[in-house]
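Have a look at the structure below before the remarks.
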Amino acid sequence: MKAKIIATAAALVGFVALGATAFKQSLTPYVSFKEAQRSRGVVQVSGEVDKSRTTFDSERGILTFYVKDHEGTVMRVEYRGTKPGNFEQASKVVCIGRCDGAVFRAEKLLLKCPSKYQKAPQNGLEGEQP
Amino acid sequence: MAFLATLVSAGLYLYASWPPRSAVLARKSGSESGKRAELVYPARFAFIVSALMLLAASAQLMLLLLKHDFSYSYVVSYSSRDLPLVYLISSFWAGQEGTFLLWAVLVAIIGIWVFKTAGDFEPPVMFFTALTNIALISLMLVRSPFALVPGEPPLDGQGLNPLLQDPWMAVHPPVLFLGFAAVTVPFAYAMAALWRNDYSVWARRVSPWAALSFAALGAGISLGGYWAYTVLGWGGFWGWDPVENSSLVPWLTITAALHALFVVRTKGTWQKTALALCIVTFVLVFYSTFLTRSGVLSNFSVHSFTDMGINTHLIAWLAFFTVISTVGFLIRLKHIPTSRRPLANSGGHSQQAVGRESAESRRAGVTLESAMYWGVLALILLAVLVLAGTSAPLITGGLAAVRRWVPWLAVLPESASNVGTAYYARVSTPLAVLMVLLIAAVPILAWKPLGSKQVFRRLRVPLAVAAAVGIVAALWGVRHPALLALVAFAALALTANAAVVLRAPRKAHRLGSYITHVGVGILLIGAVISTMYGSTTRLVLPLGKAKRFGEYSVTYMGMENPPSGKPRMKIVFAERNGRSFEATPLVYPNSRGEYMTEPYVRKYILHDLYVSATGPPQSSGGGRRLVLGRGETQEVAGYRVRFERFVAGSMTGDLIQVGVRLLVSRGGHSEVLTPMLSVDKDSRRTVTPASTKDGALQFSILGISATDAAVMLAVSGKGVGGEAVEVAGVDLSTKPLINFVWLGTVLILIGGLLSVYRRGKELRSLELTAAALAKPSSEGGRVRSVSVRRGAV
């Protein structure tokens with residue numbers, strides 16, 4: 001019985017520790033581009049898209065656009081894929097990815113549309129891969 | 001009409017709140033005066049009336065939807081004239097208000113069934129069942145499904161979200177809410193056991209209901225997963241999205257409760273665990289309702305509901321149920337039996353149970369109980385960790401608020417944030433390994449009377465299979481040690497349990513748990529392989545131009561817009577052997593002009609090919625835009641263009657002039673071009689283009705960014721491409737062994753349903769014997785006479 005209690009306590013402590021570290025590590029915080037440049041991992045930067053300067057390279061299949069974050073930093077964002085469906089309407093875009101020098105390489109784009117949606121999945125998931 | 005609707009709702013509320021009061025009296029009176037026991041009848045009557053009212057309200061809502069009565073805002077929001085009948089019906093549960101109504105109706109129907117079978121437990125059980133419906137109906141009073149549209153009713157509705165127009169999504173909510181409604185029963189019985197301080201029979205009574213909750217919740221979750229895979233295009237059956245998690249967590253706890261109830265039935269111990277798990281499951285259902293419907297996660301989940309003004313009510317009910325159950329549990333804590341002979345002091349009824357159980361418990365042995373212990377612990381841990389992940393925005397938000405007050409606590413997060421799916425993968429893998437090992441051990445422990453040699457002989461085949469599966473998986477590419485262990489042990493678990501079923505196929509209907517365990521093994525293998533070892537390639541396909549993908553040559557043939565159906569991309573996959581097929585992933589705008597995509601899934605036995613559009617096709621060309629970082633080189637029409645540096649121009653007066661020094665080369669030739677951009681004090685731009693000497697290309701600056709040292713140029717000229725090209729972006733994924741996921745799920749559900757059947761049958765036979773043996777005793781007699789009278793009616 002005593003062994004069981006000890007083993008249980010050990011299991012609990014172990015999993016709480018595992019959970020806490022995994023929790024902390026996988027938090028993908030919203031940061032500014034400046035912070036993104038400093039960090040090595042995957043981060044999310046939210047900002048406004050400058051719509052006049054969006055280009056799509058059909059040969060390489062890369063969408064390039066400029067995003068201004070809440071600190072006012074403008075950064076070039078490259079995303080492999082075609083323009084997500086609601087890109088034009090999006091008021092804000094969340095870029096999930098990492099900085100590579102002067103370019104932010106987005107693996108995922110989440111679009112926040114101004115229209116408030118009620119329920120159900122929206123297509124803001126463009127380009128999401130598990 | 002609105003008045004009538006509110007009247008109906010108010011009437012429902014009144015009626016639904018009536019039975020508990022009388023039920024309480026009936027319960028209290030049970031020991032005091034016989035008269036009060038009679039109150040069971042009006043209580044029952046009121047409950048039936050409330051059930052009928054709820055059914056009438058549902059019929060009313062359904063009728064409004066079918067009649068296209070657009071003066072009701074629910075009808076406007078979720079349906080339209082062009083919806084086919086099936087989806088017109090399913091728009092009933094497309095919105096929050098409708099799902100609350102559905103939930104309440106199901107609780108009412110289940111409640112009627114419960115009071116017919118609850119016997120002497122009826123008053124308290126029905127009190128808590130009715131309490132649940134009071135909560136649900138009060139939420140509907142705040143957000144009525146019968147709210148009217150302000151002003152003139154529109155001519156047509158906004159329609160059902162096209163993603164929900166899918167057969168799987170039409171059946172998913174009713175099944176899931178059946179699960180939500182079913183967990184009310186274990187909760188009500190657990191609370192009733194605490195209320196009456198009688199723990200002799202509740203576990204047996206509740207077992208079929210717990211199994212039903214397990215099966216219905218499980219089926220609801222899997223239907224949702226299948227829908228997410230085939231329609232939503234998440235690329236997987238499980239995205240660890242808050243909405244999914246919030247029904248997974250109660251499912252995990254009800255699974256733990258099923259195991260605890262097994263121990264209660266066979267050994268009489270674990271009463272507290274079983275009680276707590278039944279209660280917690282119910283509270284978690286409310287908590288998950290709060291998480292997904294209150295809008296607290298709307299920034300973090302793509303499919304959470306938005307706040308509809310029922311937050312405070314939800315929180316109040318959540319707090320209420322948490323408090324009453326916690327208080328009830330604590331008050332009775334000392335009285336809950338822990339001994340191994342817990343049923344000794346109860347009536348003859350339960351003596352019978354002890355007699356029946358002893359054989360089973362001898363077979364089960366002590367070791368099975370400790371396997372159960374670890375299994376339940378693992379399930380609870382997983383539930384807690386998933387719940388923590390799902391609540392991450394709340395937790396981090398709370399911690400961030402603390403940090404604002406206590407700034408020196410720098411470990412705390414600065415703002416609310418979400419956890420990635422990596423978190424769930426990391427915490428669930430070791431727990432899953434533990435679970436499959438335990439599952440593999442179950443049949444071995446059941447053979448305990450056998451000698452160790454015999455055990456080993458019986459384990460030979462499963463061990464060989466597990467080793468073989470492990471080796472094949474490793475060779476195939478599963479190298480991660482934990483995942484490899486998970487796959488191999490899952491194979492062990494499934495073969496060991498399958499062996500039990502195969503040894504006695506005629507008794508398969510009694511072996512529900514083994515079938516479920518086989519399903520868990522298959523599901524986990526499928527889940528690991530399909531999510532961790534599939535591949536995804538993003539292809540950008542210009543119209544009519546073939547690109548290679550593995551053994552296929554893939555060509556985008558343009559958009560198709562079938563007269564009935566949604567717009568789709570037509571993509572031809574040609575194999576080397578000359579065969580080909582057409583994939584048609586959907587991509588279409590919804591009523592608000594937002595684009596939706598639905599994948600195309602080509603099924604094979606051992607894998608799926610999963611094709612989903614990354615967005616609508618795009619036109620590109622007509623001159624080109626070039627974005628260059630400093631020092632970067634890109635190729636345009638055979639020319640290599642390198643952006644060397646910015647050139648400061650004259651800064652006379654208020655005019656700022658900037659040039660961009662480009663090195664343009666082709667073959668051995670290279671030349672420097674400096675297109676200019678000047679901005680005057682009123683931000684008027686003047687662009688000075690620069691052309692190559694042969695005049696083939698012209699560059700002009702569209703914009704510059706000094707901070708990130710990049711320039712955007714417009715390039716025009718020969719060979720750059722004047723005419724627009726349609727380009728489609730698609731993600732092509734392979735999903736190896738995804739069919740194992742579906743097969744495993746189906747087996748889990750079959751096992752669950754077999755348990756419902758078996759536990760229900762056991763309960764009936766037990767009650768028949770109990771009734772035959774029943775001796776009129778002082779307390780039980782009165783209540784029993786009620787049930788006898790009911791039988792006469």
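Identifiers in the structure tokens: chain A, B, ... in order shown; residue index from 1 per chain; ligand index from 1 in order shown.
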Open item on the list: Using only C-alpha atoms, which protein or nucleic acid residues come within 12 Å of Glu152 of chain B? Drop anything in the same chain fewer than 6 positions from it, and give the result as number ranges by chain.
Closed with: B: 70-73, 76
Near-Arg38 of chain A list (12 Å; only C-alpha atoms; drop same-chain fewer than 6 positions) as a PDB file with N, CA and C atoms, in the first residue's frame:
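Final output, out_14.pdb:
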```
ATOM      1  N   VAL A  31       3.895  38.313 -30.018  1.00  0.00           N
ATOM      2  CA  VAL A  31       5.036  39.191 -29.787  1.00  0.00           C
ATOM      3  C   VAL A  31       5.070  40.241 -30.889  1.00  0.00           C
ATOM      4  N   SER A  32       5.982  41.187 -30.730  1.00  0.00           N
ATOM      5  CA  SER A  32       6.179  42.167 -31.784  1.00  0.00           C
ATOM      6  C   SER A  32       7.280  41.637 -32.706  1.00  0.00           C
ATOM      7  N   ARG A  98       8.639  32.095 -37.954  1.00  0.00           N
ATOM      8  CA  ARG A  98       9.848  32.600 -37.315  1.00  0.00           C
ATOM      9  C   ARG A  98      10.556  33.612 -38.202  1.00  0.00           C
ATOM     10  N   CYS A  99      11.384  34.410 -37.570  1.00  0.00           N
ATOM     11  CA  CYS A  99      12.120  35.421 -38.292  1.00  0.00           C
ATOM     12  C   CYS A  99      13.359  34.829 -38.920  1.00  0.00           C
ATOM     13  N   ASP A 100      13.630  35.267 -40.143  1.00  0.00           N
ATOM     14  CA  ASP A 100      14.836  34.818 -40.815  1.00  0.00           C
ATOM     15  C   ASP A 100      15.474  36.087 -41.363  1.00  0.00           C
ATOM     16  N   GLY A 101      16.337  36.694 -40.567  1.00  0.00           N
ATOM     17  CA  GLY A 101      16.918  37.963 -40.967  1.00  0.00           C
ATOM     18  C   GLY A 101      15.852  39.030 -41.045  1.00  0.00           C
ATOM     19  N   ALA A 102      15.742  39.647 -42.210  1.00  0.00           N
ATOM     20  CA  ALA A 102      14.801  40.747 -42.357  1.00  0.00           C
ATOM     21  C   ALA A 102      13.433  40.243 -42.804  1.00  0.00           C
TER      22      ALA A 102
END
```
TODO: Mind giving me the straight-line distance from atom CA of Trp742 of chain B to atom CA of Val469 of chain B in Å, one decimal?
DONE: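 Pair atom CA of Trp742 of chain B / atom CA of Val469 of chain B returns 19.4 Å.
We find atom CA of Ser288 of chain B and atom CA of Ser246 of chain B to be spaced 4.8 Å apart.
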Identify, on the basis of only C-alpha atoms, every residue whose closest approach to segment 598-608 of chain B does not exceed 8 Å; exclude the query and any residue fewer than 3 positions from it along the same chain; express the result as a compact mmCIF listing (two decimals) with C-alpha atoms, in the first residue's frame.
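Done, and the output landed in result.txt:
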```
# COMPACT_ATOMS: atom_id res chain seq x y z
CA LEU B 163 -19.56 23.76 -43.71
CA THR B 230 -13.52 15.19 -44.45
CA VAL B 231 -15.15 18.62 -44.48
CA LEU B 232 -13.35 21.10 -42.34
CA GLY B 233 -10.03 20.19 -43.87
CA ALA B 583 -9.47 15.45 -57.32
CA THR B 584 -12.00 18.18 -56.63
CA PRO B 585 -11.30 20.09 -53.45
CA LEU B 586 -13.99 22.69 -52.83
CA VAL B 587 -13.29 26.37 -52.43
CA VAL B 611 -6.09 17.30 -51.25
CA SER B 612 -7.13 20.68 -49.96
CA ALA B 613 -7.08 24.10 -51.53
CA THR B 734 -0.79 11.39 -47.31
CA LYS B 735 -2.50 10.00 -44.27
CA PRO B 736 -1.11 6.53 -43.64
CA LEU B 737 -3.31 4.13 -41.67
CA ILE B 738 -6.02 6.72 -41.17
CA ASN B 739 -8.55 3.90 -41.61
```
Find the spatial neighbours of Gly629 of chain B, counting only C-alpha atoms, within a cut-off of 6 Å - ignore same-chain residues fewer than 3 positions away - and output them as an mmCIF file with C-alpha atoms, in the first residue's frame.
```cif
data_model
loop_
_atom_site.group_PDB
_atom_site.id
_atom_site.type_symbol
_atom_site.label_atom_id
_atom_site.label_comp_id
_atom_site.auth_asym_id
_atom_site.auth_seq_id
_atom_site.Cartn_x
_atom_site.Cartn_y
_atom_site.Cartn_z
ATOM 1 C CA GLU B 632 18.942 39.353 -52.369
ATOM 2 C CA ALA B 709 15.904 47.114 -46.010
ATOM 3 C CA ALA B 710 13.607 45.855 -48.723
#
```
TODO: Please identify all polymer residues within 7 Å of Arg538 of chain B, counting only C-alpha atoms, omitting same-chain residues fewer than 2 positions from it, and present them as JSON, numbers by chain.
DONE: {"A": [81], "B": [536, 540, 730, 731, 732]}
Task: DSSP alpha helix (DSSP H) residues within segment 544-754 of chain B, listed as a list in words - done: Ile738, Asn739, Phe740, Val741, Trp742, Leu743, Gly744, Thr745, Val746, Leu747, Ile748, Leu749, Ile750, Gly751, Gly752, Leu753 and Leu754 of chain B
TODO: Rounded to one decimal place, report the atom CA of Leu609 of chain B-atom CA of Thr82 of chain A distance in Å.
DONE: 20.6 Å
